[in-house]
Amino acid sequence: MIPSNHPAAAQNRTEGLLADGTRVVHAGLPEPVVGEPFLPGPVFAAPYHLDPVTGPGENGYGRTEHPTRRALESAIGQLEGAPTLVFSTGMAAITGLLLSVLRAGDTVALPADGYFTVRAFAEGTLRDLGVSSITVPTAGPYPDFEGVRLVLLETPANPGLDVCDVKALAAAAHAAGALVAVDNTTPTPLGQNPLALGADVVVASGTKALTGHSDVLLGYVATGDEALFAKVETWRKQTGAVPGGFDCWLAHRSMATLDLRLARQTENAAAIAAMLAGRTDVTAVRWPGLAGDPSYAVAKQQMRRIPGVVCFDLGSAERVGRFLTAAALVFAATSFGGVHTTADRRAQWGDDTSAGFVRLSCGIEDTADLLADLSAALDQA
Ligand SMILES: *Cc1c(COP(=O)(O)O)cnc(C)c1O
C-alpha cells in the first residue's frame with residue numbers, strides 16, 4: 001500500500017483519484033444491477049445471436065467482440081491510463097505491436113538485457129522481414145536513436161533488474177522521431193505508469209504479477225494514440241491472438257487483490273534482499289529497492305513501488321540445485337509475480353545469464369517463514 005504521505009498518494013488526492021487498493025477492487029466493474037453479480041461470470045461464445053434483420057449489434061463474433069474481454073480491458077485501461085487491448089499472451093501483445101508498427105527498412109531498438117524471446121523474435125522473424133534491430137543496455141550508455149522507428153524499453157529489465165529513466169529516454173527517442181514503448185510487466189501499472197512518464201504505448205505480460213496466481217497467460221497493449229490503437233486492434237482482429245472468456249474472467253477477478261499482493265511481495269523482497277546482501281556466500285544481489293543498488297536512485301524517483309523480484313548469484317548450477325532442493329517454501333519454476341515464492345535458474349533456458357544466477361520471485365507468504373526457510377536452505381547449499 002502506498003503510505004498516505006507518499007508523493008503518489010498526495011498526487012491521487014490532488015487529482016481527485018482514488019488510491020490503489022480502491023482502484024483495483026473497482027476497476028472495470030459494471031454499474032450495480034440488482035440481482036446481478038459484482039463481476040459478471042465469463043461469457044462462453046464464439047458466435048452470438050444476431051438480429052435476423054439488422055445483423056450484428058454489440059456482439060457478433062468472439063474474435064472481434066467479447067463482453068468478458070471488454071470488462072478486463074476496461075480494468076487494465078483504468079490502471080494504465082489508456083485504452084487497452086488484451087492478447088492471449090505477453091508475446092502475442094509485444095509481437096502484435098512490433099508487427100503493426102515496423103516495416104521493411106525500419107530499425108527497432110530493444111533492451112539488450114530484457115525479455116529474451118523479444119530479442120530472439122527480432123533476430124529471426126523481424127530480420128527476415130527486413131527490419132533491423134539494435135540492442136541497448138537498460139542501464140545505458142544510450143545511442144541517439146537517429147533512424148530508429150520504435151524504441152522498446154523494459155524497466156526494471158527482466159531478469160537483471162536494471163532500471164532506465166523513462167522520461168529522459170522518451171524525450172531523446174521522440175527528438176529522433178521514434179515511437180516509445182515500455183514493457184511494464186515487472187512493475188505492473190501500480191508500480192509504474194509509463195504513459196504518464198512520456199511513453200506512447202505500454203506492452204506487458206499479464207501472466208506475471210498483474211494476475212499473480214500462476215494459472216493464466218495474458219498480454220496487453222495500452223495506448224492513448226488513436227491511430228496506433230486502431231492499427232493494433234486491426235492486427236489482433238486479423239491474426240486472432242485473443243484470450244478466452246474464462247481466462248479474461250480469471251484475470252479480472254485476480255486483479256482485485258493486486259494492491260495487497262504487491263504490498264506483501266515488496267515487503268518480502270525487501271527483507272530477503274537485505275538478508276542476501278548480508279551473506280558472504282551470495283554475490284551480485286540485485287533489488288532496485290535496496291539502497292546502494294545501481295537501480296536505486298532512478299527507481300526511487302520513477303516507480304510507485306518496487307516489485308517482489310530479487311536476483312542473486314550462487315556461483316554454480318550445482319549450488320542452485322542444492323539450494324532449491326533444500327528450500328521447502330520455494331518452488332523451482334520459471335515466470336514470476338505469483339502468490340507462491342518461486343526461483344528460476346535462468347541459464348537452464350539458454351539465456352545469457354551466468355550458471356549460478358537466480359531470479360527469486362517473492363510470493364505473499366509470511367515474511368518470517370520465508371526468511372527462515374531461505375536462510376536455512378542457503379546454509380545447507
Ligand atoms: C514473461 C514476459 C513476457 C512474455 O509474456 P508471456 O505472457 O509469457 O508471453 C514479456 N516481457 C516480460 C518482461 C516478461 O517477463
# chains A, B, ... in the order shown; residues from 1 in each chain; ligands from 1
call {"tool": "residues_near_ligand", "arguments": {"ligand": "ligand 1", "cutoff": "8 Å", "atoms": "only C-alpha atoms and all ligand atoms", "output": "MDAnalysis selection string"}}
result
chainID A and resid 88:94 114:115 117:118 154 157:159 183:186 204:208 217:219 335:336
call {"tool": "select_by_dssp", "arguments": {"residues": "stretch 90-332 of chain A", "states": "strand (DSSP E or B)", "output": "VMD selection string"}}
result
chain A and resid 107 to 111 132 to 136 150 to 154 179 to 183 201 to 205 219 to 223 283 to 286 309 to 313 331 to 332
call {"tool": "select_by_dssp", "arguments": {"residues": "stretch 50-189 of chain A", "states": "alpha helix (DSSP H)", "output": "mmCIF file with all heavy atoms, in the first residue's frame"}}
result
data_model
loop_
_atom_site.group_PDB
_atom_site.id
_atom_site.type_symbol
_atom_site.label_atom_id
_atom_site.label_comp_id
_atom_site.auth_asym_id
_atom_site.auth_seq_id
_atom_site.Cartn_x
_atom_site.Cartn_y
_atom_site.Cartn_z
ATOM 1 N N PRO A 67 -17.740 -9.633 -24.322
ATOM 2 C CA PRO A 67 -18.057 -8.811 -23.140
ATOM 3 C C PRO A 67 -17.099 -9.036 -21.964
ATOM 4 O O PRO A 67 -16.731 -8.075 -21.281
ATOM 5 C CB PRO A 67 -19.494 -9.222 -22.778
ATOM 6 C CG PRO A 67 -19.767 -10.473 -23.534
ATOM 7 C CD PRO A 67 -18.867 -10.493 -24.716
ATOM 8 N N THR A 68 -16.687 -10.286 -21.706
ATOM 9 C CA THR A 68 -15.788 -10.541 -20.576
ATOM 10 C C THR A 68 -14.428 -9.903 -20.850
ATOM 11 O O THR A 68 -13.781 -9.364 -19.951
ATOM 12 C CB THR A 68 -15.637 -12.065 -20.360
ATOM 13 O OG1 THR A 68 -16.920 -12.674 -20.404
ATOM 14 C CG2 THR A 68 -14.960 -12.366 -19.043
ATOM 15 N N ARG A 69 -14.018 -9.958 -22.112
ATOM 16 C CA ARG A 69 -12.739 -9.349 -22.509
ATOM 17 C C ARG A 69 -12.816 -7.826 -22.416
ATOM 18 O O ARG A 69 -11.877 -7.185 -21.951
ATOM 19 C CB ARG A 69 -12.431 -9.789 -23.948
ATOM 20 C CG ARG A 69 -10.984 -9.710 -24.331
ATOM 21 C CD ARG A 69 -10.755 -10.403 -25.655
ATOM 22 N NE ARG A 69 -11.318 -9.671 -26.766
ATOM 23 C CZ ARG A 69 -11.822 -10.239 -27.867
ATOM 24 N NH1 ARG A 69 -11.859 -11.556 -27.982
ATOM 25 N NH2 ARG A 69 -12.296 -9.499 -28.829
ATOM 26 N N ARG A 70 -13.936 -7.265 -22.827
ATOM 27 C CA ARG A 70 -14.091 -5.799 -22.732
ATOM 28 C C ARG A 70 -14.008 -5.332 -21.283
ATOM 29 O O ARG A 70 -13.410 -4.295 -20.991
ATOM 30 C CB ARG A 70 -15.441 -5.368 -23.323
ATOM 31 C CG ARG A 70 -15.434 -5.221 -24.830
ATOM 32 C CD ARG A 70 -16.627 -4.391 -25.295
ATOM 33 N NE ARG A 70 -17.919 -4.996 -24.946
ATOM 34 C CZ ARG A 70 -18.555 -5.885 -25.714
ATOM 35 N NH1 ARG A 70 -18.037 -6.278 -26.860
ATOM 36 N NH2 ARG A 70 -19.718 -6.374 -25.341
ATOM 37 N N ALA A 71 -14.598 -6.097 -20.360
ATOM 38 C CA ALA A 71 -14.557 -5.698 -18.946
ATOM 39 C C ALA A 71 -13.117 -5.717 -18.433
ATOM 40 O O ALA A 71 -12.676 -4.808 -17.723
ATOM 41 C CB ALA A 71 -15.437 -6.633 -18.114
ATOM 42 N N LEU A 72 -12.360 -6.748 -18.819
ATOM 43 C CA LEU A 72 -10.951 -6.819 -18.406
ATOM 44 C C LEU A 72 -10.150 -5.674 -19.018
ATOM 45 O O LEU A 72 -9.316 -5.057 -18.354
ATOM 46 C CB LEU A 72 -10.362 -8.174 -18.831
ATOM 47 C CG LEU A 72 -8.856 -8.334 -18.624
ATOM 48 C CD1 LEU A 72 -8.502 -8.273 -17.131
ATOM 49 C CD2 LEU A 72 -8.363 -9.655 -19.224
ATOM 50 N N GLU A 73 -10.413 -5.369 -20.278
ATOM 51 C CA GLU A 73 -9.697 -4.267 -20.936
ATOM 52 C C GLU A 73 -10.019 -2.933 -20.281
ATOM 53 O O GLU A 73 -9.146 -2.064 -20.151
ATOM 54 C CB GLU A 73 -10.060 -4.231 -22.425
ATOM 55 C CG GLU A 73 -9.460 -5.409 -23.162
ATOM 56 C CD GLU A 73 -9.863 -5.496 -24.620
ATOM 57 O OE1 GLU A 73 -10.940 -4.980 -24.981
ATOM 58 O OE2 GLU A 73 -9.121 -6.117 -25.390
ATOM 59 N N SER A 74 -11.236 -2.797 -19.840
ATOM 60 C CA SER A 74 -11.602 -1.567 -19.155
ATOM 61 C C SER A 74 -10.848 -1.480 -17.824
ATOM 62 O O SER A 74 -10.343 -0.419 -17.446
ATOM 63 C CB SER A 74 -13.126 -1.555 -18.995
ATOM 64 O OG SER A 74 -13.498 -0.828 -17.884
ATOM 65 N N ALA A 75 -10.705 -2.610 -17.122
ATOM 66 C CA ALA A 75 -9.986 -2.623 -15.834
ATOM 67 C C ALA A 75 -8.517 -2.266 -16.021
ATOM 68 O O ALA A 75 -7.982 -1.376 -15.344
ATOM 69 C CB ALA A 75 -10.122 -4.001 -15.182
ATOM 70 N N ILE A 76 -7.851 -2.936 -16.946
ATOM 71 C CA ILE A 76 -6.418 -2.661 -17.160
ATOM 72 C C ILE A 76 -6.242 -1.237 -17.677
ATOM 73 O O ILE A 76 -5.331 -0.513 -17.270
ATOM 74 C CB ILE A 76 -5.792 -3.686 -18.131
ATOM 75 C CG1 ILE A 76 -5.899 -5.105 -17.559
ATOM 76 C CG2 ILE A 76 -4.318 -3.346 -18.395
ATOM 77 C CD1 ILE A 76 -5.447 -6.198 -18.519
ATOM 78 N N GLY A 77 -7.155 -0.829 -18.569
ATOM 79 C CA GLY A 77 -7.091 0.520 -19.129
ATOM 80 C C GLY A 77 -7.196 1.594 -18.057
ATOM 81 O O GLY A 77 -6.515 2.624 -18.122
ATOM 82 N N GLN A 78 -8.028 1.359 -17.047
ATOM 83 C CA GLN A 78 -8.143 2.330 -15.954
ATOM 84 C C GLN A 78 -6.831 2.439 -15.185
ATOM 85 O O GLN A 78 -6.456 3.509 -14.719
ATOM 86 C CB GLN A 78 -9.280 1.931 -15.009
ATOM 87 C CG GLN A 78 -10.662 2.242 -15.583
ATOM 88 C CD GLN A 78 -11.783 1.613 -14.774
ATOM 89 O OE1 GLN A 78 -11.626 1.286 -13.597
ATOM 90 N NE2 GLN A 78 -12.934 1.443 -15.403
ATOM 91 N N LEU A 79 -6.130 1.322 -15.032
ATOM 92 C CA LEU A 79 -4.868 1.339 -14.263
ATOM 93 C C LEU A 79 -3.719 1.916 -15.084
ATOM 94 O O LEU A 79 -2.882 2.653 -14.560
ATOM 95 C CB LEU A 79 -4.510 -0.069 -13.776
ATOM 96 C CG LEU A 79 -5.571 -0.763 -12.913
ATOM 97 C CD1 LEU A 79 -5.064 -2.119 -12.435
ATOM 98 C CD2 LEU A 79 -5.973 0.100 -11.725
ATOM 99 N N GLU A 80 -3.652 1.597 -16.383
ATOM 100 C CA GLU A 80 -2.560 2.125 -17.222
ATOM 101 C C GLU A 80 -2.850 3.554 -17.681
ATOM 102 O O GLU A 80 -1.955 4.281 -18.089
ATOM 103 C CB GLU A 80 -2.320 1.230 -18.447
ATOM 104 C CG GLU A 80 -1.659 -0.118 -18.148
ATOM 105 C CD GLU A 80 -0.180 0.009 -17.773
ATOM 106 O OE1 GLU A 80 0.351 1.122 -17.656
ATOM 107 O OE2 GLU A 80 0.435 -1.066 -17.580
ATOM 108 N N GLY A 90 1.697 -12.399 -23.300
ATOM 109 C CA GLY A 90 2.525 -11.200 -23.407
ATOM 110 C C GLY A 90 3.239 -11.136 -24.750
ATOM 111 O O GLY A 90 3.322 -10.073 -25.373
ATOM 112 N N MET A 91 3.748 -12.270 -25.216
ATOM 113 C CA MET A 91 4.459 -12.276 -26.503
ATOM 114 C C MET A 91 3.514 -11.968 -27.664
ATOM 115 O O MET A 91 3.925 -11.334 -28.643
ATOM 116 C CB MET A 91 5.177 -13.613 -26.725
ATOM 117 C CG MET A 91 6.481 -13.758 -25.962
ATOM 118 S SD MET A 91 7.619 -12.333 -26.091
ATOM 119 C CE MET A 91 7.983 -12.319 -27.851
ATOM 120 N N ALA A 92 2.254 -12.400 -27.571
ATOM 121 C CA ALA A 92 1.293 -12.049 -28.622
ATOM 122 C C ALA A 92 1.092 -10.536 -28.657
ATOM 123 O O ALA A 92 0.975 -9.933 -29.734
ATOM 124 C CB ALA A 92 -0.040 -12.762 -28.385
ATOM 125 N N ALA A 93 1.072 -9.903 -27.475
ATOM 126 C CA ALA A 93 0.902 -8.451 -27.402
ATOM 127 C C ALA A 93 2.141 -7.736 -27.956
ATOM 128 O O ALA A 93 2.033 -6.805 -28.760
ATOM 129 C CB ALA A 93 0.642 -8.032 -25.955
ATOM 130 N N ILE A 94 3.322 -8.182 -27.528
ATOM 131 C CA ILE A 94 4.560 -7.500 -27.942
ATOM 132 C C ILE A 94 4.796 -7.678 -29.437
ATOM 133 O O ILE A 94 5.085 -6.713 -30.157
ATOM 134 C CB ILE A 94 5.761 -8.011 -27.116
ATOM 135 C CG1 ILE A 94 5.573 -7.618 -25.638
ATOM 136 C CG2 ILE A 94 7.076 -7.458 -27.663
ATOM 137 C CD1 ILE A 94 6.534 -8.292 -24.693
ATOM 138 N N THR A 95 4.663 -8.910 -29.921
ATOM 139 C CA THR A 95 4.876 -9.125 -31.358
ATOM 140 C C THR A 95 3.764 -8.440 -32.162
ATOM 141 O O THR A 95 4.015 -7.959 -33.272
ATOM 142 C CB THR A 95 4.943 -10.628 -31.710
ATOM 143 O OG1 THR A 95 3.729 -11.261 -31.278
ATOM 144 C CG2 THR A 95 6.128 -11.300 -31.050
ATOM 145 N N GLY A 96 2.555 -8.355 -31.604
ATOM 146 C CA GLY A 96 1.468 -7.649 -32.267
ATOM 147 C C GLY A 96 1.811 -6.182 -32.448
ATOM 148 O O GLY A 96 1.578 -5.605 -33.517
ATOM 149 N N LEU A 97 2.380 -5.569 -31.409
ATOM 150 C CA LEU A 97 2.782 -4.166 -31.537
ATOM 151 C C LEU A 97 3.907 -4.028 -32.565
ATOM 152 O O LEU A 97 3.850 -3.174 -33.453
ATOM 153 C CB LEU A 97 3.254 -3.605 -30.183
ATOM 154 C CG LEU A 97 3.810 -2.182 -30.294
ATOM 155 C CD1 LEU A 97 2.685 -1.167 -30.489
ATOM 156 C CD2 LEU A 97 4.681 -1.806 -29.107
ATOM 157 N N LEU A 98 4.935 -4.883 -32.447
ATOM 158 C CA LEU A 98 6.093 -4.765 -33.345
ATOM 159 C C LEU A 98 5.668 -4.934 -34.805
ATOM 160 O O LEU A 98 6.075 -4.157 -35.675
ATOM 161 C CB LEU A 98 7.166 -5.804 -32.980
ATOM 162 C CG LEU A 98 7.806 -5.657 -31.582
ATOM 163 C CD1 LEU A 98 8.757 -6.817 -31.306
ATOM 164 C CD2 LEU A 98 8.532 -4.319 -31.442
ATOM 165 N N LEU A 99 4.826 -5.928 -35.056
ATOM 166 C CA LEU A 99 4.449 -6.196 -36.450
ATOM 167 C C LEU A 99 3.419 -5.193 -36.964
ATOM 168 O O LEU A 99 3.291 -5.006 -38.181
ATOM 169 C CB LEU A 99 3.935 -7.637 -36.572
ATOM 170 C CG LEU A 99 5.038 -8.692 -36.373
ATOM 171 C CD1 LEU A 99 4.432 -10.070 -36.173
ATOM 172 C CD2 LEU A 99 6.020 -8.701 -37.540
ATOM 173 N N SER A 100 2.697 -4.525 -36.063
ATOM 174 C CA SER A 100 1.764 -3.471 -36.500
ATOM 175 C C SER A 100 2.516 -2.221 -36.917
ATOM 176 O O SER A 100 2.060 -1.470 -37.766
ATOM 177 C CB SER A 100 0.812 -3.076 -35.363
ATOM 178 O OG SER A 100 0.042 -4.152 -34.946
ATOM 179 N N VAL A 101 3.652 -1.977 -36.268
ATOM 180 C CA VAL A 101 4.353 -0.695 -36.439
ATOM 181 C C VAL A 101 5.508 -0.785 -37.442
ATOM 182 O O VAL A 101 5.728 0.134 -38.223
ATOM 183 C CB VAL A 101 4.892 -0.217 -35.064
ATOM 184 C CG1 VAL A 101 5.882 0.919 -35.222
ATOM 185 C CG2 VAL A 101 3.739 0.187 -34.151
ATOM 186 N N PHE A 116 14.142 -12.232 -23.105
ATOM 187 C CA PHE A 116 14.979 -12.910 -24.093
ATOM 188 C C PHE A 116 14.252 -13.189 -25.414
ATOM 189 O O PHE A 116 14.800 -13.013 -26.510
ATOM 190 C CB PHE A 116 15.472 -14.216 -23.455
ATOM 191 C CG PHE A 116 16.385 -15.024 -24.302
ATOM 192 C CD1 PHE A 116 17.662 -14.569 -24.573
ATOM 193 C CD2 PHE A 116 15.978 -16.244 -24.825
ATOM 194 C CE1 PHE A 116 18.521 -15.319 -25.352
ATOM 195 C CE2 PHE A 116 16.829 -16.995 -25.612
ATOM 196 C CZ PHE A 116 18.099 -16.530 -25.873
ATOM 197 N N THR A 117 12.993 -13.624 -25.333
ATOM 198 C CA THR A 117 12.253 -14.044 -26.515
ATOM 199 C C THR A 117 11.998 -12.881 -27.482
ATOM 200 O O THR A 117 11.863 -13.094 -28.690
ATOM 201 C CB THR A 117 10.921 -14.693 -26.088
ATOM 202 O OG1 THR A 117 11.198 -15.617 -25.036
ATOM 203 C CG2 THR A 117 10.260 -15.446 -27.223
ATOM 204 N N VAL A 118 11.943 -11.661 -26.961
ATOM 205 C CA VAL A 118 11.740 -10.496 -27.826
ATOM 206 C C VAL A 118 12.956 -10.318 -28.742
ATOM 207 O O VAL A 118 12.822 -10.062 -29.940
ATOM 208 C CB VAL A 118 11.470 -9.226 -26.983
ATOM 209 C CG1 VAL A 118 11.357 -7.998 -27.884
ATOM 210 C CG2 VAL A 118 10.197 -9.400 -26.150
ATOM 211 N N ARG A 119 14.148 -10.481 -28.162
ATOM 212 C CA ARG A 119 15.364 -10.361 -28.991
ATOM 213 C C ARG A 119 15.431 -11.500 -30.004
ATOM 214 O O ARG A 119 15.806 -11.305 -31.162
ATOM 215 C CB ARG A 119 16.625 -10.378 -28.112
ATOM 216 C CG ARG A 119 16.803 -9.124 -27.286
ATOM 217 C CD ARG A 119 18.236 -8.985 -26.767
ATOM 218 N NE ARG A 119 18.683 -10.099 -25.932
ATOM 219 C CZ ARG A 119 18.317 -10.274 -24.667
ATOM 220 N NH1 ARG A 119 17.487 -9.435 -24.091
ATOM 221 N NH2 ARG A 119 18.785 -11.300 -23.971
ATOM 222 N N ALA A 120 15.055 -12.684 -29.577
ATOM 223 C CA ALA A 120 15.076 -13.835 -30.495
ATOM 224 C C ALA A 120 14.111 -13.596 -31.664
ATOM 225 O O ALA A 120 14.428 -13.917 -32.818
ATOM 226 C CB ALA A 120 14.704 -15.116 -29.736
ATOM 227 N N PHE A 121 12.956 -13.010 -31.359
ATOM 228 C CA PHE A 121 11.971 -12.685 -32.402
ATOM 229 C C PHE A 121 12.546 -11.664 -33.390
ATOM 230 O O PHE A 121 12.374 -11.774 -34.603
ATOM 231 C CB PHE A 121 10.698 -12.143 -31.744
ATOM 232 C CG PHE A 121 9.628 -11.730 -32.713
ATOM 233 C CD1 PHE A 121 8.848 -12.681 -33.358
ATOM 234 C CD2 PHE A 121 9.386 -10.390 -32.973
ATOM 235 C CE1 PHE A 121 7.855 -12.300 -34.246
ATOM 236 C CE2 PHE A 121 8.394 -9.996 -33.860
ATOM 237 C CZ PHE A 121 7.633 -10.964 -34.502
ATOM 238 N N ARG A 127 14.075 -9.827 -38.665
ATOM 239 C CA ARG A 127 15.184 -9.719 -39.615
ATOM 240 C C ARG A 127 14.770 -10.269 -40.983
ATOM 241 O O ARG A 127 15.044 -9.672 -42.023
ATOM 242 C CB ARG A 127 16.419 -10.471 -39.084
ATOM 243 C CG ARG A 127 17.699 -10.124 -39.825
ATOM 244 C CD ARG A 127 18.743 -11.203 -39.657
ATOM 245 N NE ARG A 127 18.134 -12.524 -39.872
ATOM 246 C CZ ARG A 127 18.584 -13.641 -39.354
ATOM 247 N NH1 ARG A 127 19.645 -13.627 -38.578
ATOM 248 N NH2 ARG A 127 18.002 -14.803 -39.604
ATOM 249 N N ASP A 128 14.059 -11.402 -40.988
ATOM 250 C CA ASP A 128 13.596 -11.991 -42.248
ATOM 251 C C ASP A 128 12.641 -11.052 -42.995
ATOM 252 O O ASP A 128 12.525 -11.127 -44.217
ATOM 253 C CB ASP A 128 12.879 -13.328 -41.991
ATOM 254 C CG ASP A 128 13.845 -14.400 -41.508
ATOM 255 O OD1 ASP A 128 15.077 -14.171 -41.563
ATOM 256 O OD2 ASP A 128 13.371 -15.458 -41.044
ATOM 257 N N VAL A 166 12.650 6.568 -17.853
ATOM 258 C CA VAL A 166 11.710 6.556 -18.981
ATOM 259 C C VAL A 166 11.496 7.964 -19.528
ATOM 260 O O VAL A 166 11.472 8.173 -20.744
ATOM 261 C CB VAL A 166 10.361 5.925 -18.562
ATOM 262 C CG1 VAL A 166 9.324 6.054 -19.676
ATOM 263 C CG2 VAL A 166 10.551 4.460 -18.182
ATOM 264 N N LYS A 167 11.361 8.941 -18.622
ATOM 265 C CA LYS A 167 11.084 10.311 -19.064
ATOM 266 C C LYS A 167 12.219 10.820 -19.963
ATOM 267 O O LYS A 167 11.979 11.348 -21.050
ATOM 268 C CB LYS A 167 10.938 11.212 -17.833
ATOM 269 C CG LYS A 167 10.027 12.398 -18.041
ATOM 270 C CD LYS A 167 9.908 13.222 -16.757
ATOM 271 C CE LYS A 167 8.573 12.988 -16.066
ATOM 272 N NZ LYS A 167 8.411 13.786 -14.840
ATOM 273 N N ALA A 168 13.459 10.635 -19.520
ATOM 274 C CA ALA A 168 14.617 11.136 -20.275
ATOM 275 C C ALA A 168 14.756 10.393 -21.602
ATOM 276 O O ALA A 168 14.995 10.998 -22.654
ATOM 277 C CB ALA A 168 15.883 10.982 -19.441
ATOM 278 N N LEU A 169 14.576 9.070 -21.571
ATOM 279 C CA LEU A 169 14.734 8.290 -22.797
ATOM 280 C C LEU A 169 13.600 8.551 -23.777
ATOM 281 O O LEU A 169 13.821 8.586 -24.995
ATOM 282 C CB LEU A 169 14.828 6.800 -22.468
ATOM 283 C CG LEU A 169 16.214 6.375 -21.972
ATOM 284 C CD1 LEU A 169 16.172 4.960 -21.428
ATOM 285 C CD2 LEU A 169 17.228 6.467 -23.108
ATOM 286 N N ALA A 170 12.395 8.765 -23.262
ATOM 287 C CA ALA A 170 11.269 9.079 -24.155
ATOM 288 C C ALA A 170 11.531 10.409 -24.851
ATOM 289 O O ALA A 170 11.284 10.548 -26.058
ATOM 290 C CB ALA A 170 9.961 9.113 -23.373
ATOM 291 N N ALA A 171 12.054 11.376 -24.112
ATOM 292 C CA ALA A 171 12.352 12.681 -24.715
ATOM 293 C C ALA A 171 13.408 12.519 -25.811
ATOM 294 O O ALA A 171 13.268 13.074 -26.914
ATOM 295 C CB ALA A 171 12.818 13.660 -23.644
ATOM 296 N N ALA A 172 14.453 11.751 -25.533
ATOM 297 C CA ALA A 172 15.528 11.551 -26.515
ATOM 298 C C ALA A 172 15.002 10.810 -27.745
ATOM 299 O O ALA A 172 15.309 11.170 -28.887
ATOM 300 C CB ALA A 172 16.685 10.784 -25.878
ATOM 301 N N ALA A 173 14.187 9.780 -27.514
ATOM 302 C CA ALA A 173 13.661 8.992 -28.635
ATOM 303 C C ALA A 173 12.685 9.823 -29.464
ATOM 304 O O ALA A 173 12.704 9.770 -30.702
ATOM 305 C CB ALA A 173 12.983 7.726 -28.107
ATOM 306 N N HIS A 174 11.848 10.610 -28.807
ATOM 307 C CA HIS A 174 10.899 11.471 -29.538
ATOM 308 C C HIS A 174 11.639 12.517 -30.355
ATOM 309 O O HIS A 174 11.230 12.838 -31.478
ATOM 310 C CB HIS A 174 9.925 12.140 -28.562
ATOM 311 C CG HIS A 174 8.886 11.199 -28.031
ATOM 312 N ND1 HIS A 174 8.280 11.351 -26.804
ATOM 313 C CD2 HIS A 174 8.359 10.066 -28.562
ATOM 314 C CE1 HIS A 174 7.405 10.367 -26.618
ATOM 315 N NE2 HIS A 174 7.443 9.571 -27.660
ATOM 316 N N ALA A 175 12.736 13.033 -29.804
ATOM 317 C CA ALA A 175 13.519 14.034 -30.544
ATOM 318 C C ALA A 175 14.055 13.434 -31.842
ATOM 319 O O ALA A 175 14.228 14.142 -32.841
ATOM 320 C CB ALA A 175 14.655 14.550 -29.670
#
call {"tool": "atom_distance", "arguments": {"atom1": "atom CA of A:Val330", "atom2": "atom CA of A:Ala269"}}
result
13.4 Å
call {"tool": "closest_residue", "arguments": {"among": "A:Gly21, A:Pro42, A:Gly160, A:Gly278", "to": "A:Asp351", "atoms": "only C-alpha atoms"}}
result
A:Gly160
call {"tool": "atom_distance", "arguments": {"atom1": "atom CA of A:Val216", "atom2": "atom CA of A:Ala333"}}
result
14.9 Å
call {"tool": "closest_atom_pairs", "arguments": {"of": "stretch 227-267 of chain A", "to": "stretch 28-40 of chain A", "cutoff": "9 Å", "atoms": "only C-alpha atoms", "output": "tab-separated table"}}
result
residue	atom	partner	partner_atom	distance
A:Trp249	CA	A:Pro40	CA	8.4
A:His252	CA	A:Gly28	CA	8.1
A:Arg253	CA	A:Leu39	CA	7.6
call {"tool": "atom_distance", "arguments": {"atom1": "atom CA of A:Ala45", "atom2": "atom CA of A:Ser254"}}
result
21.9 Å
call {"tool": "closest_residue", "arguments": {"among": "A:Val201, A:Leu195, A:Ala251, A:Ala139", "to": "A:Asp165", "atoms": "only C-alpha atoms"}}
result
A:Ala139
call {"tool": "closest_residue", "arguments": {"among": "A:Gly41, A:Gly338, A:Pro189, A:Pro111", "to": "A:Val151", "atoms": "only C-alpha atoms"}}
result
A:Pro111
